[in-house]
Amino acid sequence: MSDEDLPQGRHRSLLLDQLTDERATKNSIEQRGMAVIANAGALVTITLGFAALASTDEATTLRPAVVVLLTVALAMLVAASAAGLVINLPARLPMVDADDLASLALREDWDVADRESSRTEYQILARLLAELRAVNHRRARTLLAALLSEVAALFLMAIGVVLVLGPLV
């Protein structure tokens, strides 16, 4: 009896495709987390450079509202960078237990394709997929929070620029 004749064999390729997609999603989220860190660093540099340029003239002082906006923006960029680091922290990803796989090979009928062995393999793969999706979901939420923090910081920086440059125009 071939794998395709077994009930789980019909869906095994779909399950394996889903596992491949989830692993690709994990890698994508980690890469985007690194991009958040790089973007936040660039925005912090721009913000500090702008503040330095705006305060070089001794006659011009930054209004308290601008200082508050820039401070909050910097704090949000630091938070976004921290979230990017959290996304890339080494985490225990779900994997099939090697001891469980080794114990399956000790069974006398381990090389015989039957419904039970196919079912066991399918259940292991399905459990692995569910656990990997849960990890990816948590990381995706952290990535969303980091991106929203960057957008909010950029908005606050833009308001600060308008407040500084407004009297000059």
# chains A, B, ... in the order shown; residues from 1 in each chain; ligands from 1

call {"tool": "residues_around", "arguments": {"residues": "Ala80 (chain A)", "least_positions_apart": "3", "cutoff": "10 Å", "atoms": "only C-alpha atoms", "output": "PyMOL selection string"}}
result
chain A and resi 33+36-37+39-41+74-77+83-86+142-151+153

call {"tool": "residues_around", "arguments": {"residues": "Lys26 (chain A)", "least_positions_apart": "4", "cutoff": "8 Å", "atoms": "only C-alpha atoms", "output": "PyMOL selection string"}}
result
chain A and resi 22+30+136

call {"tool": "write_last_selection", "arguments": {"atoms": "C-alpha atoms", "output": "short mmCIF file (atom, residue, chain, number, x, y, z; two decimals), in the first residue's frame"}}
result
data_model
loop_
_atom_site.label_atom_id
_atom_site.label_comp_id
_atom_site.auth_asym_id
_atom_site.auth_seq_id
_atom_site.Cartn_x
_atom_site.Cartn_y
_atom_site.Cartn_z
CA GLU A 22 5.87 28.69 8.19
CA GLU A 30 13.42 37.85 11.70
CA ASN A 136 5.43 33.10 14.30
#

call {"tool": "atom_distance", "arguments": {"atom1": "CA of Ala126 (chain A)", "atom2": "CA of Asn88 (chain A)"}}
result
24.9 Å

call {"tool": "atom_distance", "arguments": {"atom1": "CA of Val66 (chain A)", "atom2": "CA of Met34 (chain A)"}}
result
29.1 Å

call {"tool": "residues_around", "arguments": {"residues": "Thr71 (chain A)", "least_positions_apart": "4", "cutoff": "12 Å", "atoms": "only C-alpha atoms", "output": "PyMOL selection string"}}
result
chain A and resi 44+47-48+51+64-67+75-78+153-154+156-157+160

call {"tool": "write_last_selection", "arguments": {"atoms": "C-alpha atoms", "output": "PDB file, in the first residue's frame"}}
result
ATOM      1  CA  VAL A  44      17.495  58.377  15.857  1.00  0.00           C
ATOM      2  CA  THR A  47      16.491  63.253  15.072  1.00  0.00           C
ATOM      3  CA  LEU A  48      19.645  63.959  17.057  1.00  0.00           C
ATOM      4  CA  ALA A  51      18.151  68.761  17.286  1.00  0.00           C
ATOM      5  CA  PRO A  64       9.576  72.880  25.355  1.00  0.00           C
ATOM      6  CA  ALA A  65       6.930  71.258  23.121  1.00  0.00           C
ATOM      7  CA  VAL A  66       9.587  70.395  20.513  1.00  0.00           C
ATOM      8  CA  VAL A  67      11.892  68.950  23.171  1.00  0.00           C
ATOM      9  CA  ALA A  75      11.958  56.776  23.297  1.00  0.00           C
ATOM     10  CA  MET A  76       9.628  55.197  20.733  1.00  0.00           C
ATOM     11  CA  LEU A  77      12.524  54.508  18.364  1.00  0.00           C
ATOM     12  CA  VAL A  78      14.474  52.878  21.173  1.00  0.00           C
ATOM     13  CA  ALA A 153       7.941  58.377  16.259  1.00  0.00           C
ATOM     14  CA  LEU A 154       8.301  59.612  12.693  1.00  0.00           C
ATOM     15  CA  LEU A 156       6.163  63.132  16.267  1.00  0.00           C
ATOM     16  CA  MET A 157       9.463  64.075  14.649  1.00  0.00           C
ATOM     17  CA  GLY A 160       8.678  68.804  15.900  1.00  0.00           C
TER      18      GLY A 160
END

call {"tool": "closest_residue", "arguments": {"among": "A:Phe155, A:Leu125, A:Glu131, A:His137", "to": "Leu16 (chain A)", "atoms": "only C-alpha atoms"}}
result
A:Leu125

call {"tool": "atom_distance", "arguments": {"atom1": "CA of Ala73 (chain A)", "atom2": "CA of Ile159 (chain A)"}}
result
10.3 Å

call {"tool": "closest_residue", "arguments": {"among": "A:Leu69, A:Ala79, A:Ala42, A:Ala134", "to": "Val162 (chain A)", "atoms": "only C-alpha atoms"}}
result
A:Leu69

call {"tool": "closest_residue", "arguments": {"among": "A:Ile46, A:Leu14, A:Leu129, A:Val68", "to": "Leu163 (chain A)", "atoms": "only C-alpha atoms"}}
result
A:Val68
